[in-house]
Structures are given as structure tokens and as C-alpha cells.
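data_28.cif (mmCIF, C-alpha atoms and all ligand atoms) appears below.
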data_model
loop_
_atom_site.label_atom_id
_atom_site.label_comp_id
_atom_site.auth_asym_id
_atom_site.auth_seq_id
_atom_site.Cartn_x
_atom_site.Cartn_y
_atom_site.Cartn_z
CA MET A 70 -6.49 39.79 107.28
CA LYS A 71 -4.54 43.02 107.31
CA ASN A 72 -5.00 46.05 105.02
CA ILE A 73 -2.08 48.43 104.58
CA LEU A 74 -2.34 51.75 102.76
CA THR A 75 0.88 52.60 100.95
CA ASN A 76 2.50 53.31 97.57
CA VAL A 77 3.60 50.29 95.54
CA ILE A 78 6.73 49.80 93.47
CA ASN A 79 6.33 46.67 91.42
CA PRO A 80 8.95 45.14 89.07
CA VAL A 81 7.47 43.81 85.82
CA SER A 82 10.55 43.26 83.63
CA CYS A 83 14.16 44.40 83.47
CA GLU A 84 12.95 47.58 81.78
CA VAL A 85 9.64 48.25 83.51
CA ILE A 86 8.95 48.96 87.17
CA GLN A 87 5.43 50.14 87.96
CA PHE A 88 4.83 52.96 90.42
CA LEU A 89 1.30 52.66 91.84
CA PRO A 90 0.42 55.52 94.21
CA GLU A 91 -1.98 55.06 97.15
CA GLN A 92 -2.84 51.38 97.10
CA VAL A 93 -4.28 49.15 99.80
CA ILE A 94 -2.38 45.87 100.08
CA SER A 95 -4.47 43.14 101.72
CA ILE A 96 -2.61 40.27 103.35
CA GLU A 97 -4.18 37.07 104.60
CA GLY A 98 -2.00 34.35 106.09
CA SER A 99 1.21 34.31 104.09
CA LYS A 100 -0.23 35.77 100.88
CA ILE A 101 -1.17 39.02 99.21
CA THR A 102 -4.91 38.69 98.57
CA ALA A 103 -5.51 42.04 96.88
CA ILE A 104 -3.87 45.31 95.82
CA ILE A 105 -6.57 47.93 95.25
CA PRO A 106 -6.37 51.71 94.62
CA LYS A 107 -7.36 53.63 97.76
CA GLN A 108 -10.40 55.27 96.13
CA GLU A 109 -11.84 51.85 95.18
CA PHE A 110 -11.13 50.17 98.54
CA GLN A 111 -14.19 49.70 100.75
CA GLY A 112 -12.81 48.00 103.86
CA ILE A 113 -10.97 49.33 106.88
CA VAL A 114 -7.31 50.34 106.60
CA ASP A 115 -5.38 48.79 109.50
CA GLU A 116 -2.10 50.58 108.92
CA ASP A 117 -1.50 53.89 107.15
CA LEU A 118 1.94 53.90 105.51
CA SER A 119 0.96 56.40 102.82
CA HIS A 120 4.14 58.42 103.38
CA GLN A 121 6.18 55.26 102.62
CA PHE A 122 6.29 52.78 99.76
CA ALA A 123 6.36 49.02 99.42
CA LEU A 124 8.70 46.85 97.33
CA PRO A 125 9.02 43.08 97.05
CA GLY A 126 11.58 41.68 99.52
CA PHE A 127 15.13 41.74 98.18
CA ILE A 128 16.96 38.66 96.94
CA ASP A 129 20.71 38.24 97.48
CA LEU A 130 22.05 35.56 95.12
CA HIS A 131 25.50 35.21 96.66
CA ILE A 132 26.57 35.76 100.25
CA HIS A 133 28.95 34.10 102.74
CA LEU A 134 27.41 33.86 106.22
CA SER A 135 30.76 32.80 107.65
CA GLN A 136 32.34 36.08 106.48
CA TYR A 137 29.74 38.44 107.90
CA TYR A 138 32.03 39.77 110.66
CA ILE A 139 35.01 40.41 108.36
CA ARG A 140 33.40 42.61 105.73
CA GLY A 141 35.50 45.68 105.03
CA LEU A 142 38.88 44.08 105.84
CA TYR A 143 40.98 45.07 102.90
CA GLU A 144 43.57 43.11 100.97
CA PRO A 145 43.84 44.02 97.32
CA ALA A 146 43.45 40.61 95.62
CA LEU A 147 41.36 37.47 95.99
CA LEU A 148 43.95 34.82 96.94
CA PRO A 149 45.88 36.90 99.54
CA TRP A 150 42.54 38.13 100.98
CA LEU A 151 41.30 34.55 101.40
CA ASN A 152 44.49 33.54 103.21
CA LYS A 153 44.78 36.61 105.39
CA TYR A 154 41.19 37.14 106.53
CA VAL A 155 38.70 34.58 105.24
CA PHE A 156 40.24 31.26 106.17
CA PRO A 157 41.14 32.21 109.79
CA GLU A 158 37.63 33.66 110.29
CA GLU A 159 35.84 30.64 108.78
CA ALA A 160 37.83 28.35 111.08
CA ARG A 161 36.15 30.07 114.07
CA SER A 162 32.79 28.63 113.04
CA LYS A 163 34.00 25.18 114.14
CA ASP A 164 32.95 26.39 117.61
CA ASN A 165 29.19 25.97 117.39
CA GLU A 166 28.46 28.68 119.94
CA TYR A 167 30.31 31.10 117.69
CA ALA A 168 28.42 29.76 114.65
CA GLN A 169 25.09 30.26 116.45
CA LYS A 170 25.76 33.87 117.36
CA LEU A 171 27.06 34.55 113.86
CA SER A 172 23.94 33.04 112.25
CA ARG A 173 21.61 35.05 114.47
CA ASP A 174 23.43 38.33 113.82
CA PHE A 175 23.58 37.57 110.11
CA PHE A 176 19.90 36.74 109.57
CA SER A 177 18.75 39.69 111.71
CA ALA A 178 20.93 42.02 109.67
CA LEU A 179 19.60 40.66 106.36
CA LEU A 180 16.00 41.26 107.45
CA LYS A 181 16.80 44.71 108.81
CA ASP A 182 18.10 45.65 105.36
CA GLY A 183 15.13 44.17 103.51
CA THR A 184 16.64 40.91 102.24
CA THR A 185 13.99 38.21 102.48
CA THR A 186 15.67 35.53 100.31
CA ALA A 187 19.40 34.71 100.24
CA VAL A 188 21.64 32.10 98.63
CA ILE A 189 24.24 31.37 101.28
CA TYR A 190 27.68 29.77 101.76
CA THR A 191 28.48 28.67 105.31
CA ALA A 192 31.83 27.54 106.77
CA PRO A 193 33.07 24.03 105.86
CA PHE A 194 31.61 22.37 108.98
CA PHE A 195 28.47 20.22 109.15
CA GLU A 196 27.37 21.74 112.47
CA ALA A 197 27.87 25.35 111.35
CA CYS A 198 25.71 24.73 108.27
CA ASN A 199 23.06 22.82 110.22
CA THR A 200 22.96 25.64 112.77
CA ALA A 201 22.39 28.17 109.99
CA PHE A 202 19.42 26.09 108.79
CA GLU A 203 17.98 25.78 112.29
CA ILE A 204 18.18 29.50 112.96
CA ALA A 205 16.86 30.43 109.49
CA SER A 206 13.97 28.05 110.07
CA GLU A 207 13.23 29.52 113.51
CA ILE A 208 13.38 33.11 112.21
CA GLY A 209 11.35 32.42 109.06
CA ILE A 210 13.58 33.86 106.32
CA ARG A 211 13.80 32.26 102.85
CA ALA A 212 17.19 30.78 101.91
CA LEU A 213 19.23 28.29 99.97
CA ILE A 214 22.09 27.30 102.28
CA GLY A 215 25.13 25.14 101.64
CA MET A 216 28.18 23.86 103.50
CA THR A 217 31.30 25.14 101.72
CA LEU A 218 33.46 22.28 100.42
CA MET A 219 37.27 22.27 100.50
CA ASP A 220 39.40 19.14 100.49
CA LYS A 221 42.74 20.55 99.29
CA ASN A 222 44.92 23.67 99.08
CA CYS A 223 43.57 25.26 102.25
CA PRO A 224 44.68 25.54 105.90
CA GLU A 225 44.46 22.36 107.97
CA PRO A 226 41.61 23.47 110.31
CA LEU A 227 39.34 23.94 107.28
CA LYS A 228 40.44 21.00 105.16
CA GLN A 229 37.76 18.32 104.89
CA ASP A 230 38.20 14.62 104.32
CA SER A 231 36.77 14.16 100.81
CA HIS A 232 34.48 11.23 101.64
CA LYS A 233 33.18 12.81 104.83
CA ALA A 234 32.55 16.12 103.03
CA ILE A 235 30.50 14.30 100.38
CA GLU A 236 28.58 12.29 102.98
CA ASP A 237 27.90 15.38 105.13
CA SER A 238 26.64 17.29 102.08
CA PHE A 239 24.21 14.46 101.23
CA LEU A 240 23.07 14.30 104.86
CA LEU A 241 22.42 18.05 104.97
CA TYR A 242 20.53 17.83 101.68
CA GLU A 243 18.36 15.00 102.97
CA LYS A 244 17.80 16.78 106.27
CA TRP A 245 16.72 20.11 104.80
CA HIS A 246 15.39 19.53 101.28
CA ASN A 247 11.57 19.64 101.24
CA LYS A 248 11.40 20.01 105.04
CA ASN A 249 10.44 23.67 105.11
CA ALA A 250 8.82 25.56 102.22
CA LYS A 251 11.17 28.51 102.68
CA LEU A 252 14.47 26.61 102.83
CA ASP A 253 16.50 24.34 100.57
CA TYR A 254 20.00 22.94 100.38
CA VAL A 255 22.53 24.11 97.79
CA PHE A 256 25.66 22.03 97.10
CA THR A 257 28.62 24.35 97.59
CA PRO A 258 32.10 23.46 96.32
CA ARG A 259 33.99 26.68 97.19
CA PHE A 260 35.91 26.88 93.90
CA ALA A 261 38.11 24.62 91.80
CA PRO A 262 41.43 25.48 93.50
CA THR A 263 40.28 24.05 96.87
CA CYS A 264 38.32 21.06 95.54
CA SER A 265 39.51 17.74 94.15
CA MET A 266 37.99 16.53 90.88
CA GLU A 267 36.63 13.49 92.73
CA LEU A 268 34.80 15.66 95.28
CA MET A 269 33.28 17.86 92.60
CA GLN A 270 32.26 14.88 90.45
CA GLU A 271 30.47 13.11 93.31
CA ILE A 272 28.61 16.31 94.16
CA GLY A 273 27.79 16.94 90.50
CA LYS A 274 26.42 13.43 90.03
CA PHE A 275 24.16 13.58 93.09
CA ALA A 276 22.93 17.11 92.34
CA LYS A 277 22.09 16.23 88.75
CA LYS A 278 20.20 13.12 89.81
CA HIS A 279 18.10 15.09 92.32
CA ASN A 280 17.79 18.34 90.33
CA ALA A 281 19.45 20.03 93.31
CA TRP A 282 21.01 23.49 93.39
CA ILE A 283 24.79 23.94 93.09
CA GLN A 284 26.81 27.10 93.70
CA THR A 285 30.46 27.90 93.26
CA HIS A 286 32.82 30.66 92.08
CA LEU A 287 34.06 30.96 88.49
CA SER A 288 36.65 33.17 86.82
CA GLU A 289 36.87 35.94 89.39
CA ASN A 290 40.52 36.93 89.35
CA LYS A 291 43.44 36.49 86.90
CA ALA A 292 45.78 34.87 89.46
CA GLU A 293 42.98 32.41 90.27
CA LEU A 294 42.67 31.54 86.55
CA ASN A 295 46.41 30.80 86.34
CA LEU A 296 46.20 28.65 89.46
CA VAL A 297 43.29 26.63 88.01
CA LYS A 298 45.26 26.09 84.78
CA GLU A 299 48.29 24.93 86.80
CA LEU A 300 46.23 22.59 89.02
CA PHE A 301 43.95 21.00 86.42
CA GLY A 302 45.68 21.58 83.04
CA PHE A 303 42.46 22.39 81.15
CA ASP A 304 42.38 25.08 78.46
CA ASN A 305 39.97 27.16 80.49
CA TYR A 306 38.25 27.34 83.90
CA THR A 307 34.72 26.39 82.76
CA LEU A 308 36.01 23.13 81.25
CA VAL A 309 37.05 22.05 84.78
CA TYR A 310 33.46 22.41 86.00
CA GLU A 311 32.15 20.72 82.85
CA LYS A 312 34.42 17.72 83.53
CA ALA A 313 33.21 17.77 87.17
CA GLY A 314 29.56 17.62 86.01
CA LEU A 315 28.73 20.91 87.72
CA LEU A 316 27.14 22.67 84.73
CA SER A 317 23.37 22.55 84.96
CA GLU A 318 20.30 24.76 84.93
CA HIS A 319 20.43 24.65 88.74
CA SER A 320 24.03 25.86 88.97
CA ILE A 321 24.83 29.40 90.08
CA PHE A 322 28.34 30.64 89.25
CA ALA A 323 29.54 33.75 91.04
CA HIS A 324 31.53 36.46 89.23
CA CYS A 325 32.26 35.12 85.66
CA ILE A 326 34.47 38.08 84.81
CA HIS A 327 37.25 36.77 82.59
CA LEU A 328 35.39 34.18 80.52
CA GLU A 329 36.29 33.37 76.93
CA ASP A 330 33.48 33.22 74.35
CA SER A 331 33.60 29.41 74.32
CA GLU A 332 33.06 29.40 78.12
CA LEU A 333 30.05 31.70 77.83
CA GLN A 334 28.71 29.39 75.14
CA LEU A 335 29.11 26.40 77.46
CA LEU A 336 27.28 28.21 80.30
CA ALA A 337 24.48 29.24 77.92
CA GLU A 338 24.09 25.74 76.46
CA ASN A 339 23.77 24.27 79.95
CA LYS A 340 21.35 27.03 81.07
CA CYS A 341 23.69 27.90 83.97
CA LYS A 342 23.02 30.99 86.09
CA ILE A 343 25.35 33.77 87.20
CA ALA A 344 25.53 35.72 90.47
CA HIS A 345 26.92 39.15 89.60
CA CYS A 346 28.70 40.78 92.56
CA PRO A 347 29.82 44.25 91.44
CA ASP A 348 30.88 45.63 94.81
CA SER A 349 33.09 42.63 95.57
CA ASN A 350 34.65 42.80 92.09
CA PHE A 351 35.49 46.43 92.74
CA PHE A 352 36.80 45.80 96.28
CA LEU A 353 39.21 43.03 95.26
CA LYS A 354 40.07 44.64 91.90
CA SER A 355 38.98 41.45 90.18
CA GLY A 356 37.74 43.08 86.99
CA GLU A 357 34.57 44.26 85.27
CA PHE A 358 31.51 42.06 84.70
CA PRO A 359 31.09 41.59 80.91
CA ILE A 360 27.42 42.48 81.09
CA LYS A 361 26.88 42.97 77.36
CA ARG A 362 28.48 39.65 76.36
CA ILE A 363 26.52 37.80 79.03
CA GLU A 364 23.22 39.38 78.02
CA GLU A 365 23.95 38.65 74.33
CA LYS A 366 24.33 34.97 75.24
CA GLY A 367 21.02 35.10 77.12
CA ILE A 368 22.52 33.78 80.37
CA ALA A 369 20.27 34.46 83.38
CA TYR A 370 21.93 36.47 86.13
CA GLY A 371 21.08 38.39 89.27
CA LEU A 372 22.84 40.42 91.94
CA GLY A 373 24.79 39.15 94.93
CA SER A 374 26.35 41.12 97.78
CA ASP A 375 29.24 38.64 98.17
CA VAL A 376 29.75 39.70 101.78
CA GLY A 377 32.55 39.59 103.12
CA SER A 378 34.36 40.88 99.98
CA GLY A 379 31.17 42.82 99.36
CA THR A 380 31.17 45.57 101.96
CA THR A 381 27.48 45.53 102.94
CA ILE A 382 24.46 43.25 102.97
CA ASN A 383 22.28 46.19 101.84
CA MET A 384 21.09 45.14 98.37
CA LEU A 385 20.05 48.69 97.44
CA TYR A 386 23.70 49.68 97.68
CA HIS A 387 24.53 46.83 95.29
CA THR A 388 21.99 48.10 92.75
CA LYS A 389 23.94 51.35 92.66
CA MET A 390 27.19 49.41 92.33
CA MET A 391 25.71 47.50 89.38
CA ASN A 392 25.64 50.82 87.54
CA TYR A 393 28.90 52.23 88.94
CA ARG A 394 30.91 49.10 88.21
CA GLN A 395 30.29 49.42 84.46
CA SER A 396 32.66 51.84 82.74
CA TRP A 397 30.58 52.33 79.61
CA GLU A 398 27.32 50.39 79.87
CA PRO A 399 24.47 52.36 81.45
CA VAL A 400 22.37 50.38 83.96
CA SER A 401 19.01 51.98 84.73
CA ALA A 402 17.51 52.06 88.23
CA ALA A 403 14.64 49.86 87.00
CA LYS A 404 17.02 47.26 85.65
CA ALA A 405 19.13 47.19 88.81
CA LEU A 406 16.04 46.83 91.03
CA TYR A 407 14.78 44.01 88.80
CA TYR A 408 17.96 42.05 89.53
CA ILE A 409 17.40 42.09 93.31
CA THR A 410 13.69 41.21 92.97
CA LEU A 411 11.79 39.61 90.09
CA GLY A 412 14.88 38.86 87.97
CA SER A 413 16.50 36.80 90.71
CA ALA A 414 13.16 35.17 91.62
CA ARG A 415 12.88 34.02 87.99
CA LEU A 416 16.45 32.75 88.05
CA LEU A 417 15.62 30.67 91.14
CA GLY A 418 12.34 29.42 89.63
CA LEU A 419 10.45 31.14 92.46
CA ASP A 420 8.70 33.86 90.46
CA SER A 421 5.25 32.37 90.93
CA GLU A 422 5.77 32.92 94.70
CA ILE A 423 8.02 35.94 95.18
CA GLY A 424 9.83 38.77 93.35
CA SER A 425 6.91 41.15 92.77
CA LEU A 426 3.85 42.46 94.60
CA GLU A 427 0.86 40.73 93.04
CA THR A 428 -2.33 39.10 94.23
CA GLY A 429 -1.69 35.45 95.03
CA LYS A 430 2.03 35.83 95.71
CA GLU A 431 3.70 35.43 99.09
CA ALA A 432 3.65 38.64 101.12
CA ASP A 433 7.44 39.21 101.14
CA ILE A 434 7.35 42.98 101.40
CA VAL A 435 9.78 45.74 102.34
CA PHE A 436 8.39 49.10 103.50
CA ILE A 437 10.66 52.07 102.93
CA GLU A 438 10.53 55.64 104.16
CA PRO A 439 12.29 58.33 102.10
CA ALA A 440 14.11 61.38 103.46
CA GLU A 441 11.65 64.18 104.22
CA ASP A 442 12.42 66.26 101.13
CA PHE A 443 11.80 63.39 98.68
CA LEU A 444 8.36 63.28 97.08
CA VAL A 445 6.94 59.80 96.75
CA ASP A 446 6.23 59.89 93.01
CA ASP A 447 7.54 57.89 90.04
CA ASN A 448 10.98 59.56 90.34
CA ILE A 449 11.40 57.74 93.62
CA ILE A 450 12.72 54.60 91.88
CA SER A 451 15.82 56.33 90.56
CA LYS A 452 16.36 58.18 93.84
CA LEU A 453 16.06 54.92 95.76
CA VAL A 454 18.86 53.30 93.74
CA PHE A 455 21.25 56.24 93.54
CA CYS A 456 20.62 57.91 96.93
CA GLU A 457 20.00 54.73 98.90
CA SER A 458 21.39 56.15 102.13
CA ASP A 459 18.53 58.70 102.19
CA PHE A 460 15.99 55.90 102.68
CA THR A 461 15.08 53.92 105.78
CA ILE A 462 13.68 50.42 105.76
CA THR A 463 10.97 50.40 108.41
CA HIS A 464 9.36 46.92 108.14
CA THR A 465 10.30 43.64 106.47
CA LEU A 466 7.63 40.97 105.97
CA VAL A 467 8.28 37.38 104.91
CA GLY A 468 5.22 35.32 104.10
CA GLY A 469 3.01 37.97 105.67
CA LYS A 470 4.87 37.98 109.00
CA GLU A 471 6.83 40.97 110.18
CA LEU A 472 10.29 39.68 111.03
ZN ZN A 501 31.83 34.57 97.11
#
Could you render the structure as C-alpha cells?
Amino acid sequence: MKNILTNVINPVSCEVIQFLPEQVISIEGSKITAIIPKQEFQGIVDEDLSHQFALPGFIDLHIHLSQYYIRGLYEPALLPWLNKYVFPEEARSKDNEYAQKLSRDFFSALLKDGTTTAVIYTAPFFEACNTAFEIASEIGIRALIGMTLMDKNCPEPLKQDSHKAIEDSFLLYEKWHNKNAKLDYVFTPRFAPTCSMELMQEIGKFAKKHNAWIQTHLSENKAELNLVKELFGFDNYTLVYEKAGLLSEHSIFAHCIHLEDSELQLLAENKCKIAHCPDSNFFLKSGEFPIKRIEEKGIAYGLGSDVGSGTTINMLYHTKMMNYRQSWEPVSAAKALYYITLGSARLLGLDSEIGSLETGKEADIVFIEPAEDFLVDDNIISKLVFCESDFTITHTLVGGKEL
């Protein structure tokens, strides 16, 4: 048992974030066993962090492990950027020593910046993905991890044999699903232009049968949309994934910028989820997330860093970008914080375990110290989102363990 005196910031809904000054958080094993105001607490405080505050660990809904080293390399559109930087870098992960170092650096960096749960794409190699699982398991972070699938329209070193790619995906699923409470497999066709219909259909069928997670990209960039039309001949992009059997309540589609109303309807009817990646959309000049139309359809979404086209793994930065990347729609600090905590936990069906600081939940906690001239009062939530570089993350706990 450990008792920590601190201030608590606790997301309740996309409009409400509680600020609870001077609380003692008690942790036993992996769980929070009590959060009690200091004046009512009768035990012994083990750690005094009263000049800091605690938040639930951050959730990143969309990130490419294999692109961690190339963040910040600029090319002003999706398809040229993939060819110039992403594909050559992902090919390096075929060397498993490289993949090991990359995984270690990546997971350490996530934890350092307060991310305790991430939904991850790896390079299109069985070993690179398996290595990511092994290192995540050893470190103790929470993650959904998937081997990126590509069986056409990509450079030779990355191109997978369709049947082997399907088999390897099933093997990885069987190896890592239900083996570790913090980890799961997510089927990961990169996006329609690099995947055959057969590959996507086999993956869709298996995932549906097992209620497994699927992730891919959808409607990010106009040139990509034209390419999908040329390759598949469907009236719109979402119809390709519908035909492939990839639309389900366990499917997470990144971006979703240029969708027609009928596509939004299709996503809503199938209870699909969206990973919104504002920094990446800004970096590659992909377009603006249609936040109002997506909210009107009631489609669940959360925030992703999309590193490497996102420039940083720091999710607080992405909360600011969620506001800045809307020309006219205001996004409050509370709302943005909700989408890296409880909102994304709900999307993943993990909100009984993580996403907020409550008795009985897993102790996934980030402790943050503000710049000296910031008072820790209820204004701190807005300052945290909009002045994120004035804050220092001092400790990150996953399941009660400091990582
Ligand atoms: Zn991405």
C-alpha cells in the first residue's frame, strides 16, 4: 500500500473535468483503493506531491512505432512523404536488432511523456511486431499492437506475400490475444491503396468472428482518395472497407477528413471508431477534421499522435492541436483532455479499468509539476493544455508500478 498526497484532475465527461485539491491517493497492487481529501485522511502519507497534480495516464489512439525515428521529416503531402521517408525507414525494421532498439526507445519515450496506453502500427514484419509485443510486455505498458499489412503498391522490401501476411497476422493474434492483461493484437491493414481486396477480406472475416480489433487509415488526403477510386472503382473510400468487411464496432479508422455524408452514415451504423490526429493533418496539409459532422452522427472518436507525421508523442501537445486545428469550432481544454483519457478509454471499452482516477480502477497515473509561477488551482486545466511546455511530467505509473 502506498499513499500519495497530491492534487487530482479527474475527467468525468467531455465537458466536465473535476479539480480536487489536496487528496491522498491510496494504491494497493495495481489498483487505486481510495482517494480521500487530506483533512479526512488518517493514515501515513508516503509521498508528498502536493506541489504537483495527478491525471489518468494518457491514451494515444494512433501511432506508428516504426516511424518513431523519422518524426519531423517534412514532405508536404501524404503519398510523397510515405515514399520518401516512411517506406525506407520501415524497411530497416527487418533487421531485428534495429527493431529491438527502436521498440525500447519508443516505449521509454511514451512513458516519459505520460502515455500509458497506445494503439500501435509496427513495420510489416512478423519479427518486428513480435519484438514490440515482447518489449511492451517486459516494460509493462498497455497497448494494442498490430503488424502493418501491405501486399501491393509498395517497395519490394516491404511487400508481403498475401497468404503469409494473413497467416502471420493470425499467428500474432493467437500468440498475444489474452496472454497478458495489458496487451492485445489489432489487425492492421495499412490502407486500401497498399492492400488487395482478398487480404482485407480475410482479415475482416477473422476479426469479425473473434471480435478482434482492426485499425487502418481512411480518407486522409485528396490524392489518396483519387488513387483509391482508380484502384477499386467504388463511389467512395468507405465502400471499399465495407466490401472488405472491415466496418465493425472494433474498427478504428484514422483521419476521416474528406468523408461524404453517406460514408459518415455507414461508419455510424456500424459503430466504427475514429482516431483524430490533428497535428499530422496539419503537418501533411491533409485537411481539417469535420468535428461537428462527426459529433452530429454520434461517432466515437479520440486523439492520436500519428507519429511520424505527428511531430511528437506528447499527447498534451496534441490536445492543444485539437483546438488549433479547428478554424471555427472552439475545443475546450476539458474536452481535449477527455479525448486523451476517459473518452479514448470508453472508445476502447476499457473505461471500467482506466481513463479516470477512481477507486477500483487501475492505478495508471501521471504526476505533473507546473512551472513555478503557476498556481495549482482549477485554472490549471486550461494552462496545462495551452501552455503544455511549462509543465514537467515527473512520474508515470501503469497498474500501480512506476515505469
Ligand atoms: Zn497513421
Handout entry: Atom pair atom CA of A:Glu159 / atom CA of A:Leu385: separation (Å)
Key = 26.5 Å
Practice task
For A:Ala123, work out the shell of residues within 9 Å, counting only C-alpha atoms and skipping chain neighbours fewer than 4 positions away, then give it as a ChimeraX atom specification.
Solution key: /A:75-79,118,426,434-437
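Across A:Ser172, A:Ser320, A:Ser135, A:Thr465, the tightest approach to ligand ZN 501 (chain A) is made by A:Ser135 when counting only C-alpha atoms and all ligand atoms.
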Problem - Selection as a ChimeraX atom specification: residues within 7 Å of ligand ZN 501 (chain A) by only C-alpha atoms and all ligand atoms - result: /A:131-133,286,323,375
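You will find atom CA of A:Ala440 at 19.2 Å from atom CA of A:Leu406.
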What are the centre and edge lengths in Å, to one decimal, of the axis-aligned box around all listed atoms of stretch 359-372 of chain A with 8 Å added on each side, as JSON?
{"center_x": 25.7, "center_y": 38.4, "center_z": 83.1, "size_x": 26.8, "size_y": 25.2, "size_z": 33.6}
Exercise for the section: Please identify all polymer residues within 8 Å of stretch 274-279 of chain A, counting only C-alpha atoms, omitting same-chain residues fewer than 3 positions from it, and present them as a PyMOL selection string. Expected result: chain A and resi 256+270-271+282-283+314+317
Selection from above, C-alpha atoms, as a compact mmCIF listing (two decimals), in the coordinates of the input, can you write it?
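Generated file (result-v6.txt):
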# COMPACT_ATOMS: atom_id res chain seq x y z
CA PHE A 256 25.66 22.03 97.10
CA GLN A 270 32.26 14.88 90.45
CA GLU A 271 30.47 13.11 93.31
CA TRP A 282 21.01 23.49 93.39
CA ILE A 283 24.79 23.94 93.09
CA GLY A 314 29.56 17.62 86.01
CA SER A 317 23.37 22.55 84.96
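Shortest separation to A:Lys291 among A:Leu171, A:Ala192, A:Leu333, A:Leu147 occurs at residue A:Leu147, atoms counted being all atoms listed in the file.
For the set A:Asn295, A:Ala234, A:Phe352, A:Asn290, the residue with the smallest atom-to-atom gap to A:Phe194 is A:Ala234, counting all atoms listed in the file.
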Handout entry: Residue contacts of A:Leu300 (10 Å, all atoms listed in the file) excluding same-chain residues fewer than 3 positions away, as JSON, numbers by chain
Key = {"A": [261, 262, 263, 265, 294, 295, 296, 297, 303]}
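Taking atom CA of A:Ala405 and atom CA of A:Asn392 as the two end points, the separation is 7.6 Å.
Between A:Asp253 and the residues A:Ile73, A:Leu417, A:Val445, A:Ile86, the shortest atom-to-atom distance, using only C-alpha atoms, involves A:Leu417.
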Exercise for the section: Would you list the contacts of A:Tyr143 as an MDAnalysis selection string, taking every protein, DNA or RNA residue within 9 Å and counting all atoms listed in the file, but skipping same-chain residues closer than 3 positions in sequence? Expected result: chainID A and resid 140 146 150 154 352:353 378
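The nearest approach to A:Asn350 among the residues A:Tyr138, A:Tyr254, A:Phe175, A:Tyr393, with all atoms listed in the file taken into account, belongs to A:Tyr393.
Each of A:Pro439, A:Gly367, A:Pro106, A:Gly183 was checked against A:Asn72 using only C-alpha atoms; the smallest atom-to-atom distance is that of A:Pro106.
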Since the input is missing atoms, can you rebuild N, CA and C atoms for stretch 192-208 of chain A and write them as a JSON list (two decimals), keeping the file's coordinate frame?
[["chain", "number", "residue", "atom", "x", "y", "z"],
["A", 192, "ALA", "N", 30.47, 28.08, 106.57],
["A", 192, "ALA", "CA", 31.83, 27.54, 106.77],
["A", 192, "ALA", "C", 31.82, 26.04, 106.46],
["A", 193, "PRO", "N", 33.01, 25.45, 106.26],
["A", 193, "PRO", "CA", 33.07, 24.03, 105.86],
["A", 193, "PRO", "C", 32.91, 23.05, 107.02],
["A", 194, "PHE", "N", 31.88, 23.26, 107.85],
["A", 194, "PHE", "CA", 31.61, 22.37, 108.98],
["A", 194, "PHE", "C", 30.12, 22.00, 108.98],
["A", 195, "PHE", "N", 29.85, 20.72, 109.13],
["A", 195, "PHE", "CA", 28.47, 20.22, 109.15],
["A", 195, "PHE", "C", 27.63, 21.00, 110.16],
["A", 196, "GLU", "N", 28.16, 21.10, 111.40],
["A", 196, "GLU", "CA", 27.37, 21.74, 112.47],
["A", 196, "GLU", "C", 27.07, 23.20, 112.17],
["A", 197, "ALA", "N", 28.07, 23.92, 111.63],
["A", 197, "ALA", "CA", 27.87, 25.35, 111.35],
["A", 197, "ALA", "C", 26.75, 25.52, 110.31],
["A", 198, "CYS", "N", 26.74, 24.64, 109.31],
["A", 198, "CYS", "CA", 25.71, 24.73, 108.27],
["A", 198, "CYS", "C", 24.34, 24.34, 108.84],
["A", 199, "ASN", "N", 24.32, 23.27, 109.61],
["A", 199, "ASN", "CA", 23.06, 22.82, 110.22],
["A", 199, "ASN", "C", 22.48, 23.89, 111.15],
["A", 200, "THR", "N", 23.37, 24.55, 111.88],
["A", 200, "THR", "CA", 22.96, 25.64, 112.77],
["A", 200, "THR", "C", 22.33, 26.78, 111.97],
["A", 201, "ALA", "N", 22.95, 27.10, 110.83],
["A", 201, "ALA", "CA", 22.39, 28.17, 109.99],
["A", 201, "ALA", "C", 20.97, 27.80, 109.55],
["A", 202, "PHE", "N", 20.76, 26.55, 109.17],
["A", 202, "PHE", "CA", 19.42, 26.09, 108.79],
["A", 202, "PHE", "C", 18.45, 26.22, 109.96],
["A", 203, "GLU", "N", 18.89, 25.76, 111.13],
["A", 203, "GLU", "CA", 17.98, 25.78, 112.29],
["A", 203, "GLU", "C", 17.55, 27.20, 112.62],
["A", 204, "ILE", "N", 18.51, 28.12, 112.58],
["A", 204, "ILE", "CA", 18.18, 29.50, 112.96],
["A", 204, "ILE", "C", 17.34, 30.17, 111.85],
["A", 205, "ALA", "N", 17.67, 29.89, 110.60],
["A", 205, "ALA", "CA", 16.86, 30.43, 109.49],
["A", 205, "ALA", "C", 15.43, 29.93, 109.60],
["A", 206, "SER", "N", 15.29, 28.66, 109.95],
["A", 206, "SER", "CA", 13.97, 28.05, 110.07],
["A", 206, "SER", "C", 13.18, 28.69, 111.22],
["A", 207, "GLU", "N", 13.87, 28.90, 112.33],
["A", 207, "GLU", "CA", 13.23, 29.52, 113.51],
["A", 207, "GLU", "C", 12.81, 30.96, 113.20],
["A", 208, "ILE", "N", 13.67, 31.69, 112.50],
["A", 208, "ILE", "CA", 13.38, 33.11, 112.21],
["A", 208, "ILE", "C", 12.32, 33.25, 111.13]]
